[in-house]
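Chemist: Let me begin by handing over the structure; questions about it come next.
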Amino acid sequence: MISVIIPAYNAEKNLTASVESVLSQVYADFELIIVNDGSRDNTASVAAALAEKDSRIKVFSIENSGPAMARNFGLDHVSEDAEYIAFIDSDDLMLPDFLEYALSAAENGAEFVMTGFTIKNPDGTTRDYFEAEKFFDETTLGEALPRLYMANMLNQVWAKLYRADIIRDNNIRFPDYRWGEDRLFNFDVLERMKKCAVLPQCKYSYIMQPGESLISRYYDKKVQVCCEADTRMAGLCRCFGTKDDAGCRYMFIKSIFSCITNLYAPSCPLSTKEKRKYVEEILNNEQVISRSRGMFGGAVEQTMGKVLRSGNVTLNMLMFRTVYAAGKLTPKLFLMLKHKK
């Protein structure tokens, strides 16, 4: 049996479609755990109405704690006989054969399965993310890690299937962060798995909603999480014998770019003086200085890297304020650069 977990916060408008995409799966032996994360709208009643129509649905309500804690609550309530675990966000969609498709690799020994996925932007445009089909074990994963990281395959827990006993036996849970907790969860799984698989077909739709997302919103612990994730990834590279982790360093510095860019989001409460101190601390961070050396990428990334390494607070603030403004004016171009491999 597969246990599907969906955290739901103020999701009354999209929850039904998301749940129905799970209920319409070709592979029908699953339970669906909905965790209402202290919603202030009618999410709880929508979830209850859906549960009345299908006995596979279990609904729980907790105080608002964020998606990480909501998923952890779901993990704590997975049935003992569940063999696999999957996650879906409350405004996303699974294609009807997602579970069946992912399970085909799991039945061939993969304990961690990553499928392709589609991101649908607020303007209706879409972009597919996928990698060629491949199975990896402990001796072959090292070479592929940087590529998988750069291909955006390790940053989220949706579009994945996990062997439940790895999570259960090692008590793997999400850290209490509001950003970046997904990749840390995946790193925990990678440390303990013996075989994983990448499947190319895009069987999951990630629906971006208008307005600020958790990705673009200011988060006071984002630099801390970026550094923790980079340290963990560096450890994985050593563990699996990665010879060149340049791609992982590239992803870390891009995340640092994002930290500074988010200072100009409407959600950022910092004063100009506090923003300067924030940027100064980043520029003096030994991990940032060390990992930014020899950064590769296109002309844009190289230029931004040089400005970052200059250590000039004013210049960096000017550059990233311009980046944020450019993102607002030309969101398609901004997204293309942001998700560039």
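Numbering starts fresh at 1 for the residues of each chain in the structure tokens, the chains themselves are lettered A, B, ... in the order given, and ligands are numbered from 1 as they appear.
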Give the helix (DSSP H, G or I) residues of range 29-180 of chain A, as DSSP finds them on the backbone, and put them as an NGL selection string.

Modeler: :A and (43-53 or 67-76 or 98-106 or 141-150 or 164-169)

Chemist: Generate a file of the selected residues that holds N, CA and C atoms, formatted as a tab-separated table (two decimals), in the first residue's frame.

Modeler:
chain	number	residue	atom	x	y	z
A	43	THR	N	-11.03	24.91	4.67
A	43	THR	CA	-10.27	23.72	4.31
A	43	THR	C	-10.73	22.49	5.09
A	44	ALA	N	-10.96	22.64	6.38
A	44	ALA	CA	-11.35	21.50	7.22
A	44	ALA	C	-12.66	20.89	6.76
A	45	SER	N	-13.65	21.72	6.45
A	45	SER	CA	-14.95	21.19	6.01
A	45	SER	C	-14.86	20.59	4.61
A	46	VAL	N	-14.05	21.18	3.74
A	46	VAL	CA	-13.85	20.60	2.40
A	46	VAL	C	-13.22	19.22	2.52
A	47	ALA	N	-12.20	19.11	3.37
A	47	ALA	CA	-11.52	17.83	3.57
A	47	ALA	C	-12.47	16.80	4.17
A	48	ALA	N	-13.28	17.22	5.13
A	48	ALA	CA	-14.24	16.30	5.75
A	48	ALA	C	-15.25	15.79	4.73
A	49	ALA	N	-15.71	16.67	3.87
A	49	ALA	CA	-16.69	16.26	2.85
A	49	ALA	C	-16.07	15.26	1.88
A	50	LEU	N	-14.81	15.46	1.54
A	50	LEU	CA	-14.13	14.52	0.64
A	50	LEU	C	-13.95	13.17	1.31
A	51	ALA	N	-13.64	13.17	2.60
A	51	ALA	CA	-13.44	11.93	3.34
A	51	ALA	C	-14.72	11.11	3.44
A	52	GLU	N	-15.85	11.80	3.50
A	52	GLU	CA	-17.13	11.08	3.57
A	52	GLU	C	-17.41	10.28	2.30
A	53	LYS	N	-16.81	10.70	1.20
A	53	LYS	CA	-17.07	10.04	-0.09
A	53	LYS	C	-16.10	8.91	-0.40
A	67	PRO	N	4.27	23.67	6.53
A	67	PRO	CA	4.19	22.40	5.79
A	67	PRO	C	5.11	21.31	6.31
A	68	ALA	N	6.28	21.68	6.84
A	68	ALA	CA	7.19	20.66	7.36
A	68	ALA	C	6.57	19.90	8.52
A	69	MET	N	6.02	20.63	9.49
A	69	MET	CA	5.42	19.99	10.65
A	69	MET	C	4.14	19.24	10.28
A	70	ALA	N	3.40	19.77	9.30
A	70	ALA	CA	2.19	19.09	8.84
A	70	ALA	C	2.54	17.76	8.19
A	71	ARG	N	3.59	17.75	7.40
A	71	ARG	CA	4.02	16.48	6.79
A	71	ARG	C	4.52	15.51	7.85
A	72	ASN	N	5.24	16.03	8.85
A	72	ASN	CA	5.70	15.15	9.93
A	72	ASN	C	4.52	14.52	10.66
A	73	PHE	N	3.48	15.30	10.88
A	73	PHE	CA	2.28	14.76	11.52
A	73	PHE	C	1.70	13.65	10.64
A	74	GLY	N	1.68	13.89	9.33
A	74	GLY	CA	1.20	12.86	8.42
A	74	GLY	C	2.04	11.60	8.49
A	75	LEU	N	3.36	11.77	8.56
A	75	LEU	CA	4.25	10.61	8.65
A	75	LEU	C	4.01	9.82	9.94
A	76	ASP	N	3.68	10.53	11.00
A	76	ASP	CA	3.40	9.86	12.27
A	76	ASP	C	2.11	9.04	12.22
A	98	PHE	N	0.54	8.43	-12.10
A	98	PHE	CA	1.76	8.78	-11.37
A	98	PHE	C	2.19	7.65	-10.43
A	99	LEU	N	1.29	7.19	-9.56
A	99	LEU	CA	1.66	6.16	-8.59
A	99	LEU	C	2.08	4.87	-9.29
A	100	GLU	N	1.35	4.48	-10.30
A	100	GLU	CA	1.69	3.26	-11.04
A	100	GLU	C	3.06	3.38	-11.68
A	101	TYR	N	3.33	4.55	-12.26
A	101	TYR	CA	4.60	4.80	-12.95
A	101	TYR	C	5.76	4.75	-11.96
A	102	ALA	N	5.63	5.45	-10.84
A	102	ALA	CA	6.69	5.45	-9.84
A	102	ALA	C	6.89	4.08	-9.23
A	103	LEU	N	5.79	3.37	-9.02
A	103	LEU	CA	5.86	2.04	-8.42
A	103	LEU	C	6.59	1.05	-9.33
A	104	SER	N	6.55	1.27	-10.64
A	104	SER	CA	7.24	0.36	-11.56
A	104	SER	C	8.74	0.34	-11.28
A	105	ALA	N	9.31	1.48	-10.89
A	105	ALA	CA	10.73	1.52	-10.54
A	105	ALA	C	10.96	0.97	-9.14
A	106	ALA	N	10.04	1.23	-8.23
A	106	ALA	CA	10.17	0.71	-6.88
A	106	ALA	C	10.15	-0.82	-6.87
A	141	LEU	N	25.93	6.61	-7.77
A	141	LEU	CA	25.19	7.84	-7.50
A	141	LEU	C	26.10	9.06	-7.43
A	142	GLY	N	27.33	8.89	-6.94
A	142	GLY	CA	28.22	10.02	-6.74
A	142	GLY	C	28.42	10.87	-7.98
A	143	GLU	N	28.64	10.24	-9.10
A	143	GLU	CA	28.87	10.97	-10.34
A	143	GLU	C	27.63	11.76	-10.76
A	144	ALA	N	26.44	11.25	-10.42
A	144	ALA	CA	25.20	11.86	-10.88
A	144	ALA	C	24.67	12.94	-9.95
A	145	LEU	N	25.13	12.98	-8.70
A	145	LEU	CA	24.56	13.89	-7.70
A	145	LEU	C	24.53	15.36	-8.16
A	146	PRO	N	25.66	15.92	-8.63
A	146	PRO	CA	25.62	17.33	-9.03
A	146	PRO	C	24.61	17.59	-10.15
A	147	ARG	N	24.54	16.68	-11.11
A	147	ARG	CA	23.60	16.86	-12.21
A	147	ARG	C	22.16	16.81	-11.71
A	148	LEU	N	21.84	15.86	-10.84
A	148	LEU	CA	20.49	15.75	-10.32
A	148	LEU	C	20.12	17.00	-9.51
A	149	TYR	N	21.08	17.51	-8.77
A	149	TYR	CA	20.84	18.71	-7.96
A	149	TYR	C	20.57	19.91	-8.87
A	150	MET	N	21.38	20.07	-9.89
A	150	MET	CA	21.21	21.19	-10.82
A	150	MET	C	19.93	21.06	-11.64
A	164	ALA	N	8.83	3.13	2.50
A	164	ALA	CA	8.37	3.55	3.83
A	164	ALA	C	9.28	3.08	4.95
A	165	ASP	N	9.86	1.89	4.83
A	165	ASP	CA	10.65	1.39	5.96
A	165	ASP	C	11.95	2.18	6.15
A	166	ILE	N	12.47	2.83	5.09
A	166	ILE	CA	13.64	3.67	5.26
A	166	ILE	C	13.29	4.87	6.14
A	167	ILE	N	12.14	5.47	5.87
A	167	ILE	CA	11.69	6.61	6.67
A	167	ILE	C	11.32	6.17	8.07
A	168	ARG	N	10.62	5.05	8.15
A	168	ARG	CA	10.13	4.55	9.44
A	168	ARG	C	11.28	4.08	10.33
A	169	ASP	N	12.17	3.27	9.79
A	169	ASP	CA	13.24	2.68	10.60
A	169	ASP	C	14.27	3.70	11.06

Chemist: Name all residues at most 10 Å from range 307-321 of chain A (count only C-alpha atoms; drop same-chain ones fewer than 6 positions away) and give them as a ChimeraX atom specification.

Modeler: /A:253,256-265,272,275-284,288-290,292-293,301,327

Chemist: So how many Å separate CA of Cys239 in chain A and CA of Val113 in chain A, to one decimal?

Modeler: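 CA of Cys239 in chain A sits 19.8 Å away from CA of Val113 in chain A.
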
Chemist: Name all residues at most 9 Å from range 222-225 of chain A (count only C-alpha atoms; drop same-chain ones fewer than 4 positions away) and give them as a VMD selection string.

Modeler: chain A and resid 177 to 181 184 218 229 to 230 255 to 256 259 282

Chemist: Just list the residues in range 114-204 of chain A DSSP gives strand (DSSP E) on the backbone, as an MDAnalysis selection string.

Modeler: chainID A and resid 114:120 126:129 134:137 160:163 195:204

Chemist: Store the residues picked out above in a file with C-alpha atoms, as a PDB file, in the first residue's frame.

Modeler:
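Final output, part26.pdb:
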ATOM      1  CA  MET A 114      12.164  10.616  -8.752  1.00  0.00           C
ATOM      2  CA  THR A 115       9.894  11.333 -11.711  1.00  0.00           C
ATOM      3  CA  GLY A 116       9.777  14.238 -14.109  1.00  0.00           C
ATOM      4  CA  PHE A 117       7.357  17.058 -13.335  1.00  0.00           C
ATOM      5  CA  THR A 118       5.734  20.081 -14.941  1.00  0.00           C
ATOM      6  CA  ILE A 119       5.659  23.562 -13.441  1.00  0.00           C
ATOM      7  CA  LYS A 120       2.651  25.625 -14.472  1.00  0.00           C
ATOM      8  CA  THR A 126       4.490  25.476 -18.459  1.00  0.00           C
ATOM      9  CA  ARG A 127       7.950  24.014 -18.207  1.00  0.00           C
ATOM     10  CA  ASP A 128       8.940  20.370 -17.908  1.00  0.00           C
ATOM     11  CA  TYR A 129      11.754  19.151 -15.685  1.00  0.00           C
ATOM     12  CA  LYS A 134      18.494   5.776 -14.817  1.00  0.00           C
ATOM     13  CA  PHE A 135      18.969   3.525 -11.802  1.00  0.00           C
ATOM     14  CA  PHE A 136      21.714   4.363  -9.310  1.00  0.00           C
ATOM     15  CA  ASP A 137      23.270   2.454  -6.454  1.00  0.00           C
ATOM     16  CA  LYS A 160       8.767  11.235  -5.575  1.00  0.00           C
ATOM     17  CA  LEU A 161       8.084   7.804  -4.112  1.00  0.00           C
ATOM     18  CA  TYR A 162       9.862   6.633  -0.951  1.00  0.00           C
ATOM     19  CA  ARG A 163      10.266   3.207   0.547  1.00  0.00           C
ATOM     20  CA  LYS A 195      19.230   2.101  -4.836  1.00  0.00           C
ATOM     21  CA  CYS A 196      17.325   5.010  -6.367  1.00  0.00           C
ATOM     22  CA  ALA A 197      15.769   5.667  -9.746  1.00  0.00           C
ATOM     23  CA  VAL A 198      15.052   8.583 -12.048  1.00  0.00           C
ATOM     24  CA  LEU A 199      12.089   8.279 -14.405  1.00  0.00           C
ATOM     25  CA  PRO A 200      11.759  10.787 -17.260  1.00  0.00           C
ATOM     26  CA  GLN A 201       8.025  11.171 -17.821  1.00  0.00           C
ATOM     27  CA  CYS A 202       6.386  14.205 -16.218  1.00  0.00           C
ATOM     28  CA  LYS A 203       3.606  12.761 -14.076  1.00  0.00           C
ATOM     29  CA  TYR A 204       3.184  15.588 -11.551  1.00  0.00           C
TER      30      TYR A 204
END

Chemist: Under the rule that only C-alpha atoms are counted, which of A:Ala246, A:Ala11, A:Gly124, A:Phe112 is the nearest residue to Arg192 in chain A?

Modeler: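 Among A:Ala246, A:Ala11, A:Gly124, A:Phe112, it is A:Phe112 that comes nearest to Arg192 in chain A.
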
Chemist: As a PyMOL selection string, please: the residues near Tyr250 in chain A (cut-off 7 Å, only C-alpha atoms, same-chain neighbours under 4 positions excluded).

Modeler: chain A and resi 246+254+295-296

Chemist: Write the residues of the selection above to a file with all heavy atoms, as a PDB file, in the first residue's frame.

Modeler:
ATOM      1  N   ALA A 246      31.324  20.743  -8.497  1.00  0.00           N
ATOM      2  CA  ALA A 246      31.137  22.123  -8.955  1.00  0.00           C
ATOM      3  C   ALA A 246      29.660  22.459  -9.117  1.00  0.00           C
ATOM      4  O   ALA A 246      29.227  23.572  -8.812  1.00  0.00           O
ATOM      5  CB  ALA A 246      31.886  22.348 -10.273  1.00  0.00           C
ATOM      6  N   LYS A 254      23.748  30.011  -6.066  1.00  0.00           N
ATOM      7  CA  LYS A 254      22.474  30.493  -6.605  1.00  0.00           C
ATOM      8  C   LYS A 254      21.450  30.680  -5.482  1.00  0.00           C
ATOM      9  O   LYS A 254      20.640  31.616  -5.522  1.00  0.00           O
ATOM     10  CB  LYS A 254      21.929  29.521  -7.660  1.00  0.00           C
ATOM     11  CG  LYS A 254      22.549  29.678  -9.033  1.00  0.00           C
ATOM     12  CD  LYS A 254      21.841  28.863 -10.092  1.00  0.00           C
ATOM     13  CE  LYS A 254      20.475  29.401 -10.418  1.00  0.00           C
ATOM     14  NZ  LYS A 254      19.834  28.706 -11.548  1.00  0.00           N
ATOM     15  N   MET A 295      33.356  29.462  -9.412  1.00  0.00           N
ATOM     16  CA  MET A 295      31.969  29.186  -9.790  1.00  0.00           C
ATOM     17  C   MET A 295      31.820  29.225 -11.303  1.00  0.00           C
ATOM     18  O   MET A 295      32.325  30.124 -11.971  1.00  0.00           O
ATOM     19  CB  MET A 295      31.040  30.218  -9.148  1.00  0.00           C
ATOM     20  CG  MET A 295      29.577  30.061  -9.536  1.00  0.00           C
ATOM     21  SD  MET A 295      28.564  31.337  -8.782  1.00  0.00           S
ATOM     22  CE  MET A 295      27.015  31.068  -9.649  1.00  0.00           C
ATOM     23  N   PHE A 296      31.121  28.239 -11.852  1.00  0.00           N
ATOM     24  CA  PHE A 296      30.891  28.243 -13.289  1.00  0.00           C
ATOM     25  C   PHE A 296      29.475  28.695 -13.591  1.00  0.00           C
ATOM     26  O   PHE A 296      28.680  28.955 -12.711  1.00  0.00           O
ATOM     27  CB  PHE A 296      31.151  26.858 -13.882  1.00  0.00           C
ATOM     28  CG  PHE A 296      30.149  25.802 -13.485  1.00  0.00           C
ATOM     29  CD1 PHE A 296      28.984  25.628 -14.219  1.00  0.00           C
ATOM     30  CD2 PHE A 296      30.362  24.988 -12.394  1.00  0.00           C
ATOM     31  CE1 PHE A 296      28.055  24.648 -13.868  1.00  0.00           C
ATOM     32  CE2 PHE A 296      29.446  24.017 -12.033  1.00  0.00           C
ATOM     33  CZ  PHE A 296      28.291  23.851 -12.774  1.00  0.00           C
TER      34      PHE A 296
END

Chemist: Please determine, counting only C-alpha atoms, which residue among A:Asn186, A:Ser18, A:Asn171, A:Ser271 has the shortest atom-to-atom distance to Met233 in chain A.

Modeler: A:Asn186
